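J.: Handing you this structure, nothing more for now.
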Amino acid sequence: MALLLKGARVIDPAVGLDGIIDIKIGDGRIADVGKDLDAGDCEVRDLAGMILIPGLIDVHVHLREPGQEYKETIESGTRAAAKGGFVGVCPMPNTKPVCDSGPRLRYLVETAEKCGYARLYPVGSLSTGLAGTQLSEMGDMVAQGAIAFSDDGRGVQNDGMMRRAMDYAKMFDCVVMSHCQSEDLVGNGVVNEGVASTRLGLAGWPAEGEEIQIARDIALCRLTGCRLHIQHVTTAGGVKIIRAAKLEGLPVSCEVTPHHLFLDEDSIDTGYNTNLKMNPPLRTKDDCAALQDALLDGTIDCIASDHAPHAAHEKALEFELAPFGTIGLETTLPLVLTNMVRSGRMSYARLVDVLSHNPRRILKLEPVTIERGSSADLTVIDPEAHFVVSVDGFESKSANSAFIGETLVGMAYDTYVAGVATLCSGKVV
């Protein structure tokens with residue numbers, strides 16, 4: 001049966017829409033867009049007071065399957081995606097075993113087809129076993145559906161190896177997603193080097209450990225012509241380097257996470273909350289301000305959660321020993337709505353760009369727009385919903401959120417993948 005989404009405020013800057021408009025869906029696509037559409041024999045969904053936008057894409061998540069299903073599975077991770085308003089996610093390859101071959105990538109695709117609640121856009125590893133020494137089976141992975149390559153988790157340390165990987169990725173017209181981390185500089189660092197590391201008595205992680213590899217990979221982008229996407233940029237210096245590369249006209253894009261936008265090194269107090277231990281670490285207030293400005297002026301292309309689930313017993317270790325990472329699929333949209341949109345700093349149109357249109361552009365996915373014929377991948381937002389982030393409120397199998405206890409305003413209300421609801425009235429279906 002066809003579906004009529006009625007009475008929402010529809011926003012899509014790609015086609016110049018911002019108004020109360022009805023959308024009719026049939027056979028997985030948008031069949032009509034207009035005011036006061038005739039319902040006919042459609043199922044009608046009244047969305048008065050809601051905001052409807054093209055469906056959200058998260059270009060950076062960790063779903064842990066295969067190998068660490070006690071933390072997350074493709075099923076639970078995509079349920080979390082649906083709850084957060086995401087219609088598609090890009091799982092990183094640092095699973096056990098590493099996703100570095102065609103059959104391993106195919107496993108992800110087939111599992112998602114059986115039990116997924118969101119589209120899966122798998123990312124293959126650049127190197128075999130993430131060791132950074134030998135190229136992975138890139139061609140086989142592209143044949144099985146890989147849309148990008150990354151050694152996320154540590155990054156490729158050898159310059160020549162990274163150059164070869166980018167040469168090969170260019171042949172397949174795939175973007176290279178780079179985790180910029182110079183291990184020689186970072187060493188055993190766990191928090192930002194400077195005030196935080198001194199105050200907490202923990203090993204420091206200098207900003208230069210990120211910025212030097214950003215500069216290196218941009219130089220290799222210039223050399224090879226390969227499209228480059230910088231993952232989770234965290235420093236003002238990194239933003240400056242990326243801005244210069246874009247002004248030069250290089251095919252460079254980048255992402256920022258909500259935790260690096262809205263938390264800083266001072267968030268870590270002597271309680272040593274390990275949910276605030278992430279890779280890269282939380283930086284300074286000035287860095288946060290620079291990241292927010294860069295997101296608004298277009299230097300930063302998109303927001304990604306870097307959803308990194310861990311079991312409670314793992315995060316219960318001492319700060320130095322606990323794993324890096326925070327979950328984020330279910331809080332990314334509410335955090336942006338609360339901290340950027342409600343404050344008036346970010347328009348809804350810019351939100352659509354950084355969470356929907358730009359991720360698709362970076363990955364060269366089919367565009368989704370609110371017009372006849374487009375895929376009905378849609379996110380509906382309840383802009384006035386208030387909720388407190390709590391450990392018992394997640395669809396994810398893990399609850400290691402950096403934002404536990406925060407009150408947020410605005411959240412996903414419905415999520416539609418090819419016109420099929422995966423979230424309805426705030427509940428996964």
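By order of appearance in the structure tokens: chains A, B, ..., then residues from 1 within every chain, and ligands from 1 in the order shown.
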Just the helix (DSSP H, G or I) stuff from region 149-229 of chain A, please, per backbone DSSP, written as a VMD selection string.
T.: chain A and resid 159 to 171 183 to 186 195 to 200 208 to 224
J.: Write out as number ranges by chain all residues of region 144-354 of chain A that backbone DSSP assigns to strand (DSSP E or B).
T.: A: 148-150, 175-178, 191-192, 204-205, 228-230, 252-256, 302-303, 307
J.: Which distance in Å separates CA of Pro103 (chain A) and CA of Val123 (chain A), to one decimal?
T.: 13.3 Å
J.: Given the choices A:Gly237, A:Gly405, A:Pro97, A:Gly344, which gets closest to Thr284 (chain A) if the distance is worked out from only C-alpha atoms?
T.: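 For Thr284 (chain A), the nearest of the given residues is A:Gly237.
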J.: Just to confirm, what's the straight-line distance from CA of Cys42 (chain A) to CA of Leu5 (chain A) in Å (one decimal)?
T.: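 Atom-to-atom, CA of Cys42 (chain A) and CA of Leu5 (chain A) are spaced 9.5 Å apart.
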J.: To one decimal place, how far is CA of Asp46 (chain A) from CA of Lys6 (chain A) in Å?
T.: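 The value is 5.0 Å.
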J.: Pick out the residues sitting within 9 Å of Phe172 (chain A), and hand them over as a JSON list (two decimals) with C-alpha atoms, in the first residue's frame; count only C-alpha atoms, and ignore anything fewer than 6 positions along from it in its own chain.
T.:
```
[["chain", "number", "residue", "atom", "x", "y", "z"],
["A", 138, "MET", "CA", 40.92, -4.07, -2.80],
["A", 139, "GLY", "CA", 39.60, -5.27, -6.14],
["A", 142, "VAL", "CA", 35.03, -3.51, -4.56]]
```
J.: Which residues come within 12 Å of Asn400 (chain A), counting only C-alpha atoms, excluding same-chain residues fewer than 3 positions away, as a PyMOL selection string?
T.: chain A and resi 71-72+273-278+307-316+322-331+389-394+396-397+403-404
J.: What's the 7 Å shell around Thr234 (chain A), counting only C-alpha atoms, without same-chain residues fewer than 3 positions away, as JSON, numbers by chain?
T.: {"A": [260, 283, 287]}
J.: Would you save the residues from that selection as a PDB file, in the first residue's frame, using N, CA and C atoms?
T.:
```pdb
ATOM      1  N   HIS A 260      33.830  15.568  19.848  1.00  0.00           N
ATOM      2  CA  HIS A 260      34.883  16.562  19.669  1.00  0.00           C
ATOM      3  C   HIS A 260      34.307  17.962  19.455  1.00  0.00           C
ATOM      4  N   ARG A 283      40.079  17.600  22.890  1.00  0.00           N
ATOM      5  CA  ARG A 283      41.081  18.657  22.815  1.00  0.00           C
ATOM      6  C   ARG A 283      40.666  19.861  23.667  1.00  0.00           C
ATOM      7  N   ASP A 287      39.935  24.505  20.431  1.00  0.00           N
ATOM      8  CA  ASP A 287      39.772  23.545  19.338  1.00  0.00           C
ATOM      9  C   ASP A 287      38.295  23.305  19.048  1.00  0.00           C
TER      10      ASP A 287
END
```
J.: My list of candidates is A:Ala148, A:Leu363, A:Leu282, A:Val175. Which is closest to Gly204 (chain A) when distances are computed with only C-alpha atoms?
T.: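 Answer, going by the shortest atom-to-atom distance: A:Leu282.
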J.: Smallest atom-to-atom distance to Ala203 (chain A): which of A:Arg243, A:Cys226, A:Glu248, A:Glu320, using only C-alpha atoms?
T.: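 Closest residue, counting only C-alpha atoms: A:Glu320.
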J.: Which residue is closest to Ile362 (chain A)? Choose from A:His229, A:Arg45, A:Arg119, A:Arg104 and count only C-alpha atoms.
T.: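 Between A:His229, A:Arg45, A:Arg119, A:Arg104, the residue approaching Ile362 (chain A) most closely is A:His229.
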